[in-house]
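Structure file entry04.cif with mmCIF, C-alpha atoms:
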```cif
data_work
loop_
_atom_site.label_atom_id
_atom_site.label_comp_id
_atom_site.auth_asym_id
_atom_site.auth_seq_id
_atom_site.Cartn_x
_atom_site.Cartn_y
_atom_site.Cartn_z
CA GLU A 37 40.74 -60.64 0.90
CA PRO A 38 40.46 -57.35 -1.00
CA GLU A 39 39.49 -57.65 -4.64
CA VAL A 40 38.76 -55.57 -7.69
CA THR A 41 35.10 -55.49 -8.63
CA GLN A 42 33.51 -54.55 -11.93
CA THR A 43 29.97 -53.74 -12.98
CA PRO A 44 28.06 -54.72 -14.94
CA SER A 45 29.19 -58.24 -15.72
CA HIS A 46 27.58 -58.02 -19.15
CA GLN A 47 26.57 -54.93 -21.10
CA VAL A 48 24.67 -55.01 -24.36
CA THR A 49 24.43 -51.79 -26.33
CA GLN A 50 23.54 -50.50 -29.76
CA MET A 51 26.23 -49.22 -32.07
CA GLY A 52 26.77 -45.50 -31.60
CA GLN A 53 25.65 -45.48 -28.00
CA GLU A 54 27.82 -44.41 -25.08
CA VAL A 55 28.73 -46.94 -22.43
CA ILE A 56 30.38 -46.56 -19.06
CA LEU A 57 32.11 -49.53 -17.51
CA ARG A 58 32.68 -49.30 -13.81
CA CYS A 59 35.39 -50.63 -11.57
CA VAL A 60 36.17 -50.42 -7.88
CA PRO A 61 39.91 -50.99 -7.44
CA ILE A 62 41.49 -52.21 -4.23
CA SER A 63 41.25 -49.35 -1.79
CA ASN A 64 44.91 -48.58 -1.06
CA HIS A 65 46.15 -49.05 -4.61
CA LEU A 66 47.59 -46.17 -6.59
CA TYR A 67 47.69 -47.39 -10.20
CA PHE A 68 44.64 -48.33 -12.21
CA TYR A 69 44.39 -49.99 -15.58
CA TRP A 70 42.00 -51.07 -18.28
CA TYR A 71 42.63 -53.99 -20.59
CA ARG A 72 40.42 -55.64 -23.14
CA GLN A 73 40.23 -59.05 -24.75
CA ILE A 74 38.44 -59.52 -28.02
CA LEU A 75 37.16 -63.08 -28.25
CA GLY A 76 39.97 -65.44 -29.21
CA GLN A 77 42.62 -62.75 -29.12
CA LYS A 78 45.19 -61.48 -26.66
CA VAL A 79 44.47 -59.43 -23.59
CA GLU A 80 45.46 -55.93 -24.73
CA PHE A 81 46.49 -52.97 -22.63
CA LEU A 82 44.36 -49.87 -23.03
CA VAL A 83 45.39 -47.35 -20.41
CA SER A 84 46.98 -46.81 -17.03
CA PHE A 85 46.01 -44.08 -14.60
CA TYR A 86 47.95 -42.62 -11.70
CA ASN A 87 47.58 -39.52 -9.61
CA ASN A 88 44.38 -38.55 -11.41
CA GLU A 89 45.83 -38.61 -14.86
CA ILE A 90 46.63 -41.02 -17.64
CA SER A 91 50.20 -42.27 -17.28
CA GLU A 92 50.30 -44.52 -20.32
CA LYS A 93 47.95 -45.46 -23.13
CA SER A 94 48.00 -47.72 -26.14
CA GLU A 95 47.12 -47.00 -29.76
CA ILE A 96 43.74 -48.59 -29.14
CA PHE A 97 42.86 -45.88 -26.62
CA ASP A 98 41.74 -43.22 -29.07
CA ASP A 99 39.46 -40.23 -28.61
CA GLN A 100 36.45 -42.50 -28.28
CA PHE A 101 37.75 -43.68 -24.92
CA SER A 102 38.12 -41.82 -21.67
CA VAL A 103 38.79 -42.77 -18.08
CA GLU A 104 37.86 -41.08 -14.88
CA ARG A 105 38.14 -41.52 -11.16
CA PRO A 106 35.05 -39.59 -10.15
CA ASP A 107 35.43 -40.24 -6.45
CA GLY A 108 37.76 -42.02 -4.08
CA SER A 109 36.62 -45.49 -4.98
CA ASN A 110 35.40 -45.80 -8.58
CA PHE A 111 37.38 -45.95 -11.80
CA THR A 112 35.41 -45.78 -15.02
CA LEU A 113 36.01 -46.40 -18.69
CA LYS A 114 33.73 -44.54 -21.07
CA ILE A 115 33.33 -45.38 -24.72
CA ARG A 116 31.71 -42.38 -26.34
CA SER A 117 30.21 -43.92 -29.47
CA THR A 118 30.50 -47.67 -29.55
CA LYS A 119 31.44 -49.60 -32.67
CA LEU A 120 30.90 -53.25 -33.44
CA GLU A 121 34.62 -53.90 -32.99
CA ASP A 122 34.45 -52.63 -29.41
CA SER A 123 32.75 -55.89 -28.46
CA ALA A 124 35.14 -57.53 -26.02
CA MET A 125 35.77 -58.43 -22.41
CA TYR A 126 37.07 -55.40 -20.53
CA PHE A 127 39.23 -55.99 -17.48
CA CYS A 128 40.02 -53.44 -14.83
CA ALA A 129 43.15 -53.86 -12.72
CA SER A 130 44.92 -52.05 -9.93
CA SER A 131 48.33 -52.24 -8.33
CA GLY A 132 50.01 -50.94 -5.23
CA GLY A 133 52.26 -48.70 -7.21
CA GLY A 134 55.77 -47.46 -6.71
CA LEU A 135 57.99 -45.70 -9.15
CA ALA A 136 57.70 -48.60 -11.56
CA GLY A 137 54.20 -49.93 -11.09
CA GLY A 138 54.88 -52.94 -13.20
CA TYR A 139 57.12 -54.42 -10.56
CA ASN A 140 54.04 -54.97 -8.53
CA GLU A 141 51.36 -57.50 -9.12
CA GLN A 142 48.34 -56.17 -10.90
CA PHE A 143 45.07 -57.35 -9.39
CA PHE A 144 42.34 -57.92 -11.94
CA GLY A 145 38.59 -57.76 -11.75
CA PRO A 146 36.29 -60.41 -13.25
CA GLY A 147 35.67 -58.37 -16.38
CA THR A 148 32.71 -56.79 -18.14
CA ARG A 149 31.60 -58.41 -21.35
CA LEU A 150 30.54 -55.68 -23.76
CA THR A 151 28.42 -56.66 -26.73
CA VAL A 152 27.78 -54.01 -29.37
CA LEU A 153 24.91 -54.78 -31.74
CA GLY B 272 58.41 -54.68 -29.76
CA ASN B 273 57.15 -56.55 -26.76
CA SER B 274 54.98 -59.62 -27.14
CA VAL B 275 54.11 -62.98 -25.64
CA THR B 276 53.29 -66.15 -27.52
CA GLN B 277 51.76 -69.10 -25.74
CA MET B 278 50.61 -72.46 -26.96
CA GLU B 279 47.19 -72.76 -28.49
CA GLY B 280 44.49 -74.49 -26.56
CA PRO B 281 42.30 -75.96 -25.48
CA VAL B 282 44.24 -78.54 -23.53
CA THR B 283 42.45 -81.53 -22.01
CA LEU B 284 44.24 -83.77 -19.54
CA SER B 285 43.33 -86.56 -17.22
CA GLU B 286 43.73 -86.03 -13.50
CA GLU B 287 47.32 -86.57 -12.29
CA ALA B 288 48.77 -86.02 -15.76
CA PHE B 289 51.79 -83.79 -16.33
CA LEU B 290 51.11 -80.32 -17.64
CA THR B 291 53.25 -78.07 -19.78
CA ILE B 292 52.01 -74.84 -21.30
CA ASN B 293 54.63 -73.21 -23.47
CA CYS B 294 55.29 -69.49 -23.39
CA THR B 295 57.91 -67.50 -25.26
CA TYR B 296 58.43 -63.78 -25.27
CA THR B 297 59.99 -60.91 -27.13
CA ALA B 298 60.99 -57.90 -25.10
CA THR B 299 63.34 -55.00 -24.91
CA GLY B 300 65.50 -54.92 -21.84
CA TYR B 301 64.95 -57.26 -18.93
CA PRO B 302 61.29 -58.00 -18.40
CA SER B 303 59.52 -59.59 -15.48
CA LEU B 304 57.46 -62.62 -16.43
CA PHE B 305 54.15 -63.77 -15.01
CA TRP B 306 51.56 -66.48 -15.21
CA TYR B 307 48.00 -65.48 -14.45
CA VAL B 308 45.08 -67.89 -14.09
CA GLN B 309 41.40 -67.20 -14.67
CA TYR B 310 38.89 -69.54 -13.10
CA PRO B 311 35.36 -69.51 -14.50
CA GLY B 312 33.52 -66.31 -13.63
CA GLU B 313 36.50 -64.75 -11.88
CA GLY B 314 39.21 -62.23 -12.66
CA LEU B 315 42.78 -62.96 -13.59
CA GLN B 316 44.77 -64.02 -10.54
CA LEU B 317 48.52 -64.02 -10.29
CA LEU B 318 49.76 -67.60 -10.21
CA LEU B 319 53.51 -67.03 -10.16
CA LYS B 320 56.17 -64.67 -11.36
CA ALA B 321 59.91 -64.35 -11.99
CA THR B 322 61.75 -61.08 -12.21
CA LYS B 323 65.16 -62.07 -13.56
CA ALA B 324 66.87 -64.73 -15.61
CA ASP B 325 67.08 -68.21 -14.06
CA ASP B 326 64.53 -67.34 -11.38
CA LYS B 327 61.92 -70.01 -10.80
CA GLY B 328 58.43 -68.96 -9.82
CA SER B 329 56.28 -71.52 -8.05
CA ASN B 330 52.86 -71.70 -6.47
CA LYS B 331 50.21 -74.39 -5.86
CA GLY B 332 52.42 -77.04 -7.46
CA PHE B 333 52.94 -74.98 -10.61
CA GLU B 334 56.35 -73.73 -11.58
CA ALA B 335 58.04 -71.83 -14.38
CA THR B 336 61.66 -70.89 -14.94
CA TYR B 337 62.75 -67.67 -16.59
CA ARG B 338 65.04 -68.76 -19.44
CA LYS B 339 66.71 -65.80 -21.06
CA GLU B 340 68.67 -67.90 -23.55
CA THR B 341 65.48 -69.37 -25.02
CA THR B 342 63.25 -66.38 -24.11
CA SER B 343 60.82 -68.79 -22.52
CA PHE B 344 58.74 -69.12 -19.36
CA HIS B 345 56.99 -72.47 -19.69
CA LEU B 346 54.42 -73.41 -17.07
CA GLU B 347 54.59 -76.92 -15.61
CA LYS B 348 52.80 -79.00 -13.05
CA GLY B 349 53.61 -82.57 -12.23
CA SER B 350 50.12 -83.79 -11.41
CA VAL B 351 47.08 -81.75 -12.37
CA GLN B 352 43.77 -81.82 -10.53
CA VAL B 353 40.23 -81.16 -11.70
CA SER B 354 40.35 -77.89 -9.76
CA ASP B 355 43.18 -76.67 -12.03
CA SER B 356 40.71 -76.34 -14.91
CA ALA B 357 40.99 -72.69 -15.93
CA VAL B 358 42.47 -70.38 -18.52
CA TYR B 359 46.19 -69.64 -18.09
CA PHE B 360 47.78 -66.43 -19.34
CA CYS B 361 51.48 -65.76 -19.76
CA ALA B 362 52.44 -62.11 -19.46
CA LEU B 363 55.42 -59.81 -19.28
CA ASN B 364 56.17 -56.38 -17.96
CA THR B 365 59.18 -54.49 -19.19
CA ASN B 366 59.75 -52.76 -15.84
CA THR B 367 59.98 -49.44 -17.61
CA GLY B 368 56.24 -48.97 -17.94
CA ASN B 369 53.02 -50.01 -16.36
CA GLN B 370 51.43 -52.15 -18.98
CA PHE B 371 51.43 -55.90 -19.10
CA TYR B 372 51.71 -57.76 -22.39
CA PHE B 373 49.62 -60.91 -22.41
CA GLY B 374 49.42 -64.03 -24.49
CA THR B 375 46.12 -65.28 -25.85
CA GLY B 376 45.50 -67.60 -22.92
CA THR B 377 45.41 -71.40 -22.86
CA SER B 378 42.28 -73.15 -21.68
CA LEU B 379 42.94 -76.23 -19.57
CA THR B 380 40.32 -78.82 -18.74
CA VAL B 381 41.21 -81.63 -16.36
CA ILE B 382 38.91 -84.62 -16.40
CA PRO B 383 38.59 -87.12 -13.55
#
```

Produce structure tokens that represent the structure in this file.
Amino acid sequence: EPEVTQTPSHQVTQMGQEVILRCVPISNHLYFYWYRQILGQKVEFLVSFYNNEISEKSEIFDDQFSVERPDGSNFTLKIRSTKLEDSAMYFCASSGGGLAGGYNEQFFGPGTRLTVL
Amino acid sequence: GNSVTQMEGPVTLSEEAFLTINCTYTATGYPSLFWYVQYPGEGLQLLLKATKADDKGSNKGFEATYRKETTSFHLEKGSVQVSDSAVYFCALNTNTGNQFYFGTGTSLTVIP
């Protein structure tokens, strides 16, 4: 069964460093997403990506964040200069798409736990 | 705005007990409602969904009914098993955008 994969499973970094979280969405999906969950809090939407551009983003997704689909299979989230409050579990998701992608199930990866020291 | 509130955990039940995890929502328009489950070390998996009022989603013995009048989507299972131990997330999508709005998740542990 196709699945979304994410690497690494755990990333530890120093404050101020850049990190890149990697995701391989399901191959025939068209919409890609990043969410995060700070420990004990809600899973929060960060950004959605379609047709090689951001289609929607939340207030959390400021200039420190960027996303990219560098090739036909990977989808990355870059945090340019990490802060302590960026420590969280980051989930990648993908969906089959359609005019309203939300109608379709979003398939989630296992997450990357980011720890900023 | 759009938001989901679900009951605080953790929840611990004995095998074969009845499960209810409460979920209420606030949304503009007519959202679709979802329950996702996360087993240890895995991603969030769709458990069930309902796309309009009075729909009942069901899967693996779990069910939830979309109640517009009470803005609720409570998850129930008549007889839980040890293998149901996981974290359960209630979520909504407004159908006008791509993002999901999630609750905080409820951790369930089922003991033999």

Which chain A residues have any atom within 9 Å of an atom of chain B, and for each, what is the nearest pair of atoms with distance in Å to one decimal, counting all atoms listed in the file, rows sorted by chain and number, as a tab-separated table?
```
residue	atom	partner	partner_atom	distance
A:Val40	CA	B:Gly314	CA	8.3
A:Thr41	CA	B:Gly314	CA	8.9
A:Tyr67	CA	B:Asn369	CA	8.6
A:Tyr69	CA	B:Gln370	CA	8.1
A:Gln73	CA	B:Thr375	CA	8.6
A:Gly76	CA	B:Thr375	CA	7.0
A:Gln77	CA	B:Thr375	CA	5.4
A:Lys78	CA	B:Thr375	CA	4.0
A:Val79	CA	B:Phe373	CA	5.5
A:Glu80	CA	B:Phe373	CA	6.9
A:Phe81	CA	B:Gln370	CA	6.2
A:Leu82	CA	B:Gln370	CA	8.5
A:Val83	CA	B:Gln370	CA	7.8
A:Ser84	CA	B:Asn369	CA	6.9
A:Ser91	CA	B:Asn369	CA	8.3
A:Glu92	CA	B:Asn369	CA	7.3
A:Lys93	CA	B:Gln370	CA	8.6
A:Phe127	CA	B:Gly314	CA	7.9
A:Ala136	CA	B:Asn366	CA	6.3
A:Gly137	CA	B:Asn369	CA	5.4
A:Gly138	CA	B:Asn369	CA	4.7
A:Tyr139	CA	B:Asn366	CA	6.1
A:Glu141	CA	B:Leu317	CA	7.2
A:Gln142	CA	B:Leu317	CA	7.9
A:Phe143	CA	B:Gln316	CA	6.8
A:Phe144	CA	B:Leu315	CA	5.3
A:Gly145	CA	B:Gly314	CA	4.6
A:Pro146	CA	B:Gly314	CA	3.5
A:Gly147	CA	B:Gly314	CA	6.4
```

Q: Using all atoms listed in the file, determine which residues lie at most 9 Å from Thr49 of chain A, disregarding the query and same-chain residues fewer than 4 positions distant; provide the list as JSON, numbers by chain.
A: {"A": [53, 54, 55, 118, 150, 151, 152, 153]}

**Q.** Reference answer for the PyMOL selection byres ((chain B and resi 339) around 12), as a PyMOL selection string
**A.** chain B and resi 295-304+321-326+336-338+340-345

Pull C-alpha atoms from the residues just selected and write them as a PDB file, keeping the file's coordinate frame.
```
ATOM      1  CA  THR B 295      57.910 -67.500 -25.260  1.00  0.00           C
ATOM      2  CA  TYR B 296      58.430 -63.780 -25.270  1.00  0.00           C
ATOM      3  CA  THR B 297      59.990 -60.910 -27.130  1.00  0.00           C
ATOM      4  CA  ALA B 298      60.990 -57.900 -25.100  1.00  0.00           C
ATOM      5  CA  THR B 299      63.340 -55.000 -24.910  1.00  0.00           C
ATOM      6  CA  GLY B 300      65.500 -54.920 -21.840  1.00  0.00           C
ATOM      7  CA  TYR B 301      64.950 -57.260 -18.930  1.00  0.00           C
ATOM      8  CA  PRO B 302      61.290 -58.000 -18.400  1.00  0.00           C
ATOM      9  CA  SER B 303      59.520 -59.590 -15.480  1.00  0.00           C
ATOM     10  CA  LEU B 304      57.460 -62.620 -16.430  1.00  0.00           C
ATOM     11  CA  ALA B 321      59.910 -64.350 -11.990  1.00  0.00           C
ATOM     12  CA  THR B 322      61.750 -61.080 -12.210  1.00  0.00           C
ATOM     13  CA  LYS B 323      65.160 -62.070 -13.560  1.00  0.00           C
ATOM     14  CA  ALA B 324      66.870 -64.730 -15.610  1.00  0.00           C
ATOM     15  CA  ASP B 325      67.080 -68.210 -14.060  1.00  0.00           C
ATOM     16  CA  ASP B 326      64.530 -67.340 -11.380  1.00  0.00           C
ATOM     17  CA  THR B 336      61.660 -70.890 -14.940  1.00  0.00           C
ATOM     18  CA  TYR B 337      62.750 -67.670 -16.590  1.00  0.00           C
ATOM     19  CA  ARG B 338      65.040 -68.760 -19.440  1.00  0.00           C
ATOM     20  CA  GLU B 340      68.670 -67.900 -23.550  1.00  0.00           C
ATOM     21  CA  THR B 341      65.480 -69.370 -25.020  1.00  0.00           C
ATOM     22  CA  THR B 342      63.250 -66.380 -24.110  1.00  0.00           C
ATOM     23  CA  SER B 343      60.820 -68.790 -22.520  1.00  0.00           C
ATOM     24  CA  PHE B 344      58.740 -69.120 -19.360  1.00  0.00           C
ATOM     25  CA  HIS B 345      56.990 -72.470 -19.690  1.00  0.00           C
TER      26      HIS B 345
END
```

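Within 8 Å of the file-frame point (39.4, -51.6, -1.9), and using only C-alpha atoms, the polymer residues found are Pro38, Glu39, Val40, Val60, Pro61, Ile62, Ser63, Asn64, His65 and Ser109 of chain A.
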
(Q) I need the output of the PyMOL selection byres ((chain A and resi 121) around 12) for this file as a PyMOL selection string; which residues are they? (A) chain A and resi 51-52+72-75+96+115+117-120+122-125+150-153

(Q) Using Å and a single decimal, report how far atom CA of Tyr71 of chain A sits from atom CA of Ala335 of chain B. (A) 24.4 Å

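If you look at atom CA of Glu104 of chain A and atom CA of Glu37 of chain A, they are 25.3 Å away from each other.
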
Q: Go through B:Phe289, B:Val381, B:Gln277, B:Gly328 one by one, measure the shortest atom-to-atom distance of each to Tyr359 of chain B using only C-alpha atoms, and give the residue with the smallest value.
A: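 Answer, going by the shortest atom-to-atom distance: B:Gln277.
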
Q: Taking the file above as input, evaluate the PyMOL selection byres ((chain B and resi 331) around 10) and report the hits as JSON, numbers by chain.
A: {"B": [318, 319, 329, 330, 332, 333, 334, 348, 355]}

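Summary of the local environment: counting only C-alpha atoms, residues at most 7 Å from Phe68 of chain A, other than itself and those fewer than 3 positions away along its chain, are Ser84, Phe85, Tyr86, Ala129, Ser130 and Ser131 of chain A.
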
Q.
To one decimal place in Å, what is the distance between atom CA of Ala357 of chain B and atom CA of Cys294 of chain B?
A.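 Here the two named atoms are 16.4 Å from each other.
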